[in-house]
Structure formats: C-alpha cells, structure tokens
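A.B. asks: Structure file target30.cif (mmCIF, C-alpha atoms, pLDDT in the B column; chains and numbers go by the auth columns) right here:
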```
data_data
loop_
_atom_site.group_PDB
_atom_site.id
_atom_site.type_symbol
_atom_site.label_atom_id
_atom_site.label_comp_id
_atom_site.label_asym_id
_atom_site.label_seq_id
_atom_site.Cartn_x
_atom_site.Cartn_y
_atom_site.Cartn_z
_atom_site.B_iso_or_equiv
_atom_site.auth_seq_id
_atom_site.auth_asym_id
ATOM 1 C CA MET A 1 64.028 116.488 65.740 43.00 1105 A
ATOM 2 C CA ASN A 2 63.019 113.747 63.317 41.00 1106 A
ATOM 3 C CA VAL A 3 61.823 110.243 64.260 35.00 1107 A
ATOM 4 C CA ALA A 4 65.275 108.695 63.825 38.00 1108 A
ATOM 5 C CA GLY A 5 66.771 111.365 66.096 37.00 1109 A
ATOM 6 C CA THR A 6 64.062 110.749 68.696 32.00 1110 A
ATOM 7 C CA ILE A 7 64.736 106.993 68.621 32.00 1111 A
ATOM 8 C CA ALA A 8 68.502 107.552 68.837 34.00 1112 A
ATOM 9 C CA ALA A 9 68.012 109.896 71.815 36.00 1113 A
ATOM 10 C CA ALA A 10 65.747 107.352 73.539 34.00 1114 A
ATOM 11 C CA VAL A 11 68.255 104.543 72.984 33.00 1115 A
ATOM 12 C CA ALA A 12 71.112 106.760 74.173 38.00 1116 A
ATOM 13 C CA GLY A 13 69.148 107.677 77.300 38.00 1117 A
ATOM 14 C CA SER A 14 68.395 104.026 78.062 35.00 1118 A
ATOM 15 C CA ARG A 15 72.113 103.227 78.095 38.00 1119 A
ATOM 16 C CA GLY A 16 72.631 105.104 81.323 40.00 1120 A
ATOM 17 C CA GLY A 17 74.360 108.039 79.678 41.00 1121 A
ATOM 18 C CA GLY A 18 76.957 105.905 77.919 42.00 1122 A
ATOM 19 C CA GLY A 19 75.524 106.428 74.459 44.00 1123 A
ATOM 20 C CA GLY A 20 74.711 110.102 74.731 44.00 1124 A
ATOM 21 C CA THR A 21 78.019 111.322 73.433 51.00 1125 A
ATOM 22 C CA THR A 22 76.840 113.053 70.280 51.00 1126 A
ATOM 23 C CA THR A 23 75.274 116.459 69.870 50.00 1127 A
ATOM 24 C CA SER A 24 71.657 116.522 68.802 52.00 1128 A
ATOM 25 C CA GLN A 25 72.068 118.937 65.877 55.00 1129 A
ATOM 26 C CA GLU A 26 74.550 117.285 63.563 67.00 1130 A
ATOM 27 C CA ASN A 27 75.251 113.967 65.300 76.00 1131 A
ATOM 28 C CA TYR A 28 78.847 114.998 65.977 83.00 1132 A
ATOM 29 C CA PRO A 29 80.724 113.566 68.982 86.00 1133 A
ATOM 30 C CA ASP A 30 80.426 115.567 72.186 91.00 1134 A
ATOM 31 C CA TYR A 31 84.115 116.003 72.970 92.00 1135 A
ATOM 32 C CA THR A 32 83.375 117.304 76.465 93.00 1136 A
ATOM 33 C CA ILE A 33 81.741 113.999 77.416 94.00 1137 A
ATOM 34 C CA ASP A 34 84.479 112.041 75.658 96.00 1138 A
ATOM 35 C CA GLU A 35 87.091 114.061 77.571 95.00 1139 A
ATOM 36 C CA GLY A 36 85.461 112.923 80.819 95.00 1140 A
ATOM 37 C CA LEU A 37 85.429 109.300 79.647 95.00 1141 A
ATOM 38 C CA ILE A 38 89.087 109.451 78.651 96.00 1142 A
ATOM 39 C CA ARG A 39 90.059 111.042 81.959 96.00 1143 A
ATOM 40 C CA SER A 40 88.124 108.374 83.881 95.00 1144 A
ATOM 41 C CA PHE A 41 89.776 105.652 81.834 96.00 1145 A
ATOM 42 C CA LEU A 42 93.262 107.009 82.454 95.00 1146 A
ATOM 43 C CA LEU A 43 92.644 107.234 86.202 94.00 1147 A
ATOM 44 C CA GLU A 44 90.573 104.067 86.746 93.00 1148 A
ATOM 45 C CA HIS A 45 91.743 101.400 84.289 93.00 1149 A
ATOM 46 C CA THR A 46 93.598 98.524 85.894 91.00 1150 A
ATOM 47 C CA VAL A 47 95.676 95.722 84.445 88.00 1151 A
ATOM 48 C CA THR A 48 96.568 92.311 85.781 87.00 1152 A
ATOM 49 C CA VAL A 49 100.201 91.867 86.781 84.00 1153 A
ATOM 50 C CA VAL A 50 102.197 89.049 88.246 81.00 1154 A
ATOM 51 C CA LEU A 51 103.886 90.121 91.455 75.00 1155 A
ATOM 52 C CA PRO A 52 107.240 88.763 92.589 72.00 1156 A
ATOM 53 C CA PRO A 53 106.891 85.309 94.141 66.00 1157 A
ATOM 54 C CA THR A 54 106.587 85.027 97.874 62.00 1158 A
ATOM 55 C CA GLU A 55 107.959 82.350 100.129 58.00 1159 A
ATOM 56 C CA PRO A 56 105.586 79.398 100.400 55.00 1160 A
ATOM 57 C CA THR A 57 103.797 79.202 103.716 53.00 1161 A
ATOM 58 C CA GLU A 58 103.244 76.029 105.686 52.00 1162 A
ATOM 59 C CA GLY A 59 101.165 73.598 103.689 50.00 1163 A
ATOM 60 C CA ASP A 60 102.049 75.195 100.351 49.00 1164 A
ATOM 61 C CA SER A 61 103.768 73.241 97.619 46.00 1165 A
ATOM 62 C CA ASP A 62 107.255 74.266 96.568 50.00 1166 A
ATOM 63 C CA ASP A 63 106.486 73.197 93.029 59.00 1167 A
ATOM 64 C CA ASP A 64 104.581 76.004 91.283 64.00 1168 A
ATOM 65 C CA ILE A 65 104.753 74.159 87.965 66.00 1169 A
ATOM 66 C CA GLU A 66 102.751 71.271 89.403 68.00 1170 A
ATOM 67 C CA ASP A 67 100.197 73.746 90.734 66.00 1171 A
ATOM 68 C CA ALA A 68 99.865 75.385 87.309 66.00 1172 A
ATOM 69 C CA LEU A 69 99.449 72.006 85.629 68.00 1173 A
ATOM 70 C CA ALA A 70 96.818 71.031 88.206 67.00 1174 A
ATOM 71 C CA ARG A 71 94.873 74.208 87.364 67.00 1175 A
ATOM 72 C CA LEU A 72 95.066 73.394 83.651 68.00 1176 A
ATOM 73 C CA ARG A 73 93.671 69.909 84.381 72.00 1177 A
ATOM 74 C CA GLY A 74 90.853 71.509 86.364 73.00 1178 A
ATOM 75 C CA GLU A 75 92.167 70.136 89.646 76.00 1179 A
ATOM 76 C CA LYS A 76 92.690 72.021 92.869 70.00 1180 A
ATOM 77 C CA PRO A 77 96.345 73.028 93.257 65.00 1181 A
ATOM 78 C CA SER A 78 98.209 72.062 96.385 65.00 1182 A
ATOM 79 C CA SER A 79 99.059 75.723 97.147 58.00 1183 A
ATOM 80 C CA THR A 80 97.716 79.195 96.508 53.00 1184 A
ATOM 81 C CA THR A 81 101.088 80.728 95.681 47.00 1185 A
ATOM 82 C CA LEU A 82 100.271 81.461 92.032 46.00 1186 A
ATOM 83 C CA THR A 83 96.921 83.124 92.635 48.00 1187 A
ATOM 84 C CA ALA A 84 98.282 85.059 95.600 55.00 1188 A
ATOM 85 C CA ASN A 85 100.864 86.657 93.287 75.00 1189 A
ATOM 86 C CA ILE A 86 98.435 88.080 90.735 81.00 1190 A
ATOM 87 C CA ALA A 87 96.966 91.537 91.289 83.00 1191 A
ATOM 88 C CA ARG A 88 95.016 94.270 89.510 87.00 1192 A
ATOM 89 C CA VAL A 89 96.969 97.545 89.537 88.00 1193 A
ATOM 90 C CA PRO A 90 96.318 100.978 88.018 91.00 1194 A
ATOM 91 C CA ALA A 91 97.636 101.095 84.467 89.00 1195 A
ATOM 92 C CA TYR A 92 98.263 104.779 83.812 90.00 1196 A
ATOM 93 C CA PRO A 93 98.653 106.760 87.071 90.00 1197 A
ATOM 94 C CA PRO A 94 102.136 105.309 87.748 86.00 1198 A
ATOM 95 C CA LEU A 95 103.224 106.272 84.213 86.00 1199 A
ATOM 96 C CA ILE A 96 101.763 109.760 84.602 88.00 1200 A
ATOM 97 C CA ARG A 97 103.505 110.191 87.955 86.00 1201 A
ATOM 98 C CA ALA A 98 106.828 108.899 86.563 82.00 1202 A
ATOM 99 C CA THR A 99 106.539 111.356 83.689 82.00 1203 A
ATOM 100 C CA ARG A 100 105.857 114.228 86.102 84.00 1204 A
ATOM 101 C CA LEU A 101 108.885 113.229 88.196 80.00 1205 A
ATOM 102 C CA ARG A 102 110.969 112.660 85.043 76.00 1206 A
ATOM 103 C CA ARG A 103 111.737 109.078 86.010 74.00 1207 A
ATOM 104 C CA PHE A 104 111.819 107.214 82.752 68.00 1208 A
ATOM 105 C CA VAL A 105 112.439 103.524 82.211 63.00 1209 A
ATOM 106 C CA ASP A 106 115.111 104.337 79.655 63.00 1210 A
ATOM 107 C CA ALA A 107 117.548 107.076 80.737 62.00 1211 A
ATOM 108 C CA ASP A 108 118.037 108.068 77.082 63.00 1212 A
ATOM 109 C CA LEU A 109 114.301 108.546 76.577 61.00 1213 A
ATOM 110 C CA HIS A 110 113.639 112.253 77.021 64.00 1214 A
ATOM 111 C CA ASN A 111 110.124 112.202 75.568 66.00 1215 A
ATOM 112 C CA PRO A 112 108.292 109.300 77.195 70.00 1216 A
ATOM 113 C CA VAL A 113 105.544 107.511 75.338 77.00 1217 A
ATOM 114 C CA ILE A 114 102.369 106.426 77.090 85.00 1218 A
ATOM 115 C CA GLN A 115 100.790 103.800 74.883 88.00 1219 A
ATOM 116 C CA ILE A 116 97.041 103.344 75.101 92.00 1220 A
ATOM 117 C CA PRO A 117 95.892 100.261 73.196 93.00 1221 A
ATOM 118 C CA LEU A 118 92.320 100.559 71.964 94.00 1222 A
ATOM 119 C CA SER A 119 91.727 97.001 73.178 94.00 1223 A
ATOM 120 C CA GLU A 120 92.391 98.207 76.738 93.00 1224 A
ATOM 121 C CA LEU A 121 89.915 101.060 76.313 93.00 1225 A
ATOM 122 C CA ARG A 122 87.312 98.569 75.094 93.00 1226 A
ATOM 123 C CA ALA A 123 88.114 96.174 77.978 91.00 1227 A
ATOM 124 C CA TRP A 124 87.735 98.989 80.533 92.00 1228 A
ATOM 125 C CA ASP A 125 84.058 99.460 79.688 91.00 1229 A
ATOM 126 C CA GLY A 126 82.495 97.362 76.959 89.00 1230 A
ATOM 127 C CA LEU A 127 79.740 99.859 76.161 91.00 1231 A
ATOM 128 C CA LYS A 128 81.254 103.302 76.729 92.00 1232 A
ATOM 129 C CA GLY A 129 84.784 102.228 75.830 93.00 1233 A
ATOM 130 C CA GLY A 130 83.612 100.356 72.733 93.00 1234 A
ATOM 131 C CA ASP A 131 81.669 103.389 71.489 94.00 1235 A
ATOM 132 C CA LEU A 132 84.637 105.638 72.224 95.00 1236 A
ATOM 133 C CA VAL A 133 86.963 103.311 70.290 96.00 1237 A
ATOM 134 C CA GLN A 134 84.693 103.626 67.245 95.00 1238 A
ATOM 135 C CA ARG A 135 84.825 107.413 67.460 96.00 1239 A
ATOM 136 C CA ILE A 136 88.618 107.329 67.896 96.00 1240 A
ATOM 137 C CA VAL A 137 89.033 105.161 64.800 96.00 1241 A
ATOM 138 C CA GLY A 138 86.764 107.516 62.858 94.00 1242 A
ATOM 139 C CA ASN A 139 88.643 110.678 63.895 95.00 1243 A
ATOM 140 C CA THR A 140 92.047 109.590 65.148 95.00 1244 A
ATOM 141 C CA LYS A 141 93.795 112.938 64.755 95.00 1245 A
ATOM 142 C CA ARG A 142 91.243 114.757 66.948 96.00 1246 A
ATOM 143 C CA TYR A 143 91.346 112.071 69.639 96.00 1247 A
ATOM 144 C CA VAL A 144 95.158 111.945 69.719 95.00 1248 A
ATOM 145 C CA GLU A 145 95.021 115.669 70.446 96.00 1249 A
ATOM 146 C CA LEU A 146 92.340 115.102 73.094 96.00 1250 A
ATOM 147 C CA PHE A 147 94.331 112.331 74.817 96.00 1251 A
ATOM 148 C CA SER A 148 97.455 114.507 74.700 94.00 1252 A
ATOM 149 C CA THR A 149 95.652 117.466 76.253 95.00 1253 A
ATOM 150 C CA ILE A 150 94.207 115.326 79.043 96.00 1254 A
ATOM 151 C CA LEU A 151 97.540 113.610 79.739 94.00 1255 A
ATOM 152 C CA ASP A 152 99.330 116.971 79.802 92.00 1256 A
ATOM 153 C CA ALA A 153 96.802 118.214 82.376 94.00 1257 A
ATOM 154 C CA LEU A 154 97.154 115.075 84.494 93.00 1258 A
ATOM 155 C CA ILE A 155 100.946 115.290 84.403 90.00 1259 A
ATOM 156 C CA VAL A 156 100.952 118.779 85.898 89.00 1260 A
ATOM 157 C CA GLU A 157 98.170 118.072 88.412 85.00 1261 A
ATOM 158 C CA ASP A 158 99.182 117.208 91.940 63.00 1262 A
ATOM 159 C CA GLY A 159 96.105 115.040 92.422 56.00 1263 A
ATOM 160 C CA VAL A 160 97.169 111.837 90.674 55.00 1264 A
ATOM 161 C CA THR A 161 98.384 109.172 93.071 54.00 1265 A
ATOM 162 C CA SER A 162 100.129 105.950 92.140 52.00 1266 A
ATOM 163 C CA GLU A 163 96.975 104.065 93.154 53.00 1267 A
ATOM 164 C CA GLY A 164 94.877 105.801 90.511 50.00 1268 A
ATOM 165 C CA GLU A 165 92.867 107.886 92.960 50.00 1269 A
ATOM 166 C CA THR A 166 92.745 111.638 92.931 52.00 1270 A
ATOM 167 C CA SER A 167 93.578 113.443 96.126 49.00 1271 A
ATOM 168 C CA GLU A 168 91.698 116.615 96.919 45.00 1272 A
#
```
Before anything else, please render the file you have as structure tokens.

C.D. replies:
Amino acid sequence: MNVAGTIAAAVAGSRGGGGGTTTSQENYPDYTIDEGLIRSFLLEHTVTVVLPPTEPTEGDSDDDIEDALARLRGEKPSSTTLTANIARVPAYPPLIRATRLRRFVDADLHNPVIQIPLSELRAWDGLKGGDLVQRIVGNTKRYVELFSTILDALIVEDGVTSEGETSE
C-alpha cells in the first residue's frame, strides 16, 4: 500500500467506520458495506409530520394562528397545541409494508414507486449518508439496482414493522 493509501485508510478508520466503504486494492466502493448502510437508512430514517389537530386542553388557546405568530416573533405561545401535533415517524417502513400488502395510495397504481431523495439520505447521516450520496451520483445505475434489491428483500421479509423496527 502506498503512502496515500495508508493515509486514506487511517482517515477512514478515524471516522468510526463511516469512511471505510472502499476496497483497498482499486479504491472501488464496497457494495456490501453500502448495502448495510442503505438497509439501515430504509429502516431507521424518520421524517417530521404534522399530525391531525387535537382538541385544546384547559389553558390552551383556541387560536393556533396567534400561537404560530408568537413563535415567529420569538415569544412564548399561549398553548402547546402546534408543537404537540408534530412528530418524527419512520419514512420507509410504512411504504414497504403497504407495498407488501398491496395497499397503494392510488388504486390504479399497480407498480408503486418509493422515492428516495438524496437530500433525505444526506440528512439521515451527514457523514455516512453524504459519502453514500457521492457514490450514488457517481454510479447511479449500480445503486438503483442495489436499492431495488434491498427494497425487494424488505418487501418479502416479515420483519419490517410500521414503526421501522425489525421483529425477530
């Protein structure tokens, strides 16, 4: 191994395993490691959603607009209704489960599409996800196949729950 390879290996090792996704011989991506990262992303990534509003409790304001404006002004809102209705939920396990059960949003859609924005992959893990995004952009065809293979496996597995955890 040359000096540059030694330095690259040392830097990769210091990243806690996140940067060690290339083989040592030709500096090609290690698709086995990337497969694990993609699988983890699909099972773990969460998104923020706004839940249906709940009835205000005693002491809460009925005027959510005033509360939102108070937050924008940096003031304390008179209720917690808006923040109580925001949650982090698994992004992909519900879609994988719906695909397995053939419950599509559009009844005419026989081949569902699971969109995976690269910005979400980067947001999931700034270091590992960011590096993976660069490899995806550099070899999109290979990574589309890899994502498809992993999604196909997850769709037929019984272990994916709607909460994003795997049952064993």

A.B. asks: Taking the file as shown, find all residues satisfying the PyMOL selection byres ((chain A and resi 1150) around 6) and write them as a PDB file with C-alpha atoms, keeping the file's coordinate frame.

C.D. replies:
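The resulting file, expr_9.pdb, is reproduced below:
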```
ATOM      1  CA  HIS A1149      91.743 101.400  84.289  1.00 93.00           C
ATOM      2  CA  VAL A1151      95.676  95.722  84.445  1.00 88.00           C
ATOM      3  CA  ARG A1192      95.016  94.270  89.510  1.00 87.00           C
ATOM      4  CA  VAL A1193      96.969  97.545  89.537  1.00 88.00           C
ATOM      5  CA  PRO A1194      96.318 100.978  88.018  1.00 91.00           C
ATOM      6  CA  ALA A1195      97.636 101.095  84.467  1.00 89.00           C
TER       7      ALA A1195
END
```

A.B. asks: What gap, in Å, lies between CA of Leu1250 in chain A and CA of Arg1206 in chain A?

C.D. replies: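 CA of Leu1250 in chain A sits 22.3 Å away from CA of Arg1206 in chain A.
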
A.B. asks: Give the answer as one residue: which of A:Gly1178, A:Val1153, A:Val1260, A:Val1217 has the shortest atom-to-atom distance to Ile1190 in chain A, using all atoms listed in the file?

C.D. replies: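 Going through A:Gly1178, A:Val1153, A:Val1260, A:Val1217 one by one, the smallest distance to Ile1190 in chain A is for A:Val1153.
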
A.B. asks: Skip range 1226-1240 of chain A itself and residues of its chain fewer than 5 positions away, then list as a PyMOL selection string all residues within 8 Å of it, counting all atoms listed in the file.

C.D. replies: chain A and resi 1122-1123+1133+1138+1141+1145+1149-1150+1246-1247

A.B. asks: Quick check, in Å to one decimal: how far apart do CA of Asn1189 in chain A and CA of Val1154 in chain A lie?

C.D. replies: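 Distance reported for this atom pair: 5.7 Å.
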
A.B. asks: Identify, on the basis of only C-alpha atoms, every residue whose closest approach to Ile1254 in chain A does not exceed 10 Å; exclude the query and any residue fewer than 4 positions from it along the same chain; express the result as a PyMOL selection string.

C.D. replies: chain A and resi 1139-1140+1142-1143+1146+1248-1250+1258-1259

A.B. asks: Those selected residues, please, written with C-alpha atoms and delivered as a short mmCIF file (atom, residue, chain, number, x, y, z; two decimals), keeping the file's coordinate frame.

C.D. replies:
```
data_model
loop_
_atom_site.label_atom_id
_atom_site.label_comp_id
_atom_site.auth_asym_id
_atom_site.auth_seq_id
_atom_site.Cartn_x
_atom_site.Cartn_y
_atom_site.Cartn_z
CA GLU A 1139 87.09 114.06 77.57
CA GLY A 1140 85.46 112.92 80.82
CA ILE A 1142 89.09 109.45 78.65
CA ARG A 1143 90.06 111.04 81.96
CA LEU A 1146 93.26 107.01 82.45
CA VAL A 1248 95.16 111.94 69.72
CA GLU A 1249 95.02 115.67 70.45
CA LEU A 1250 92.34 115.10 73.09
CA LEU A 1258 97.15 115.08 84.49
CA ILE A 1259 100.95 115.29 84.40
#
```

A.B. asks: Report, in Å to a single decimal, how far apart CA of Thr1203 in chain A and CA of Asn1243 in chain A are.

C.D. replies: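 About the pair CA of Asn1243 in chain A and CA of Thr1203 in chain A: they are 26.7 Å apart.
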
A.B. asks: Closest to Ala1191 in chain A among A:Thr1152, A:Arg1207, A:Phe1251, A:Pro1216, using only C-alpha atoms?

C.D. replies: A:Thr1152
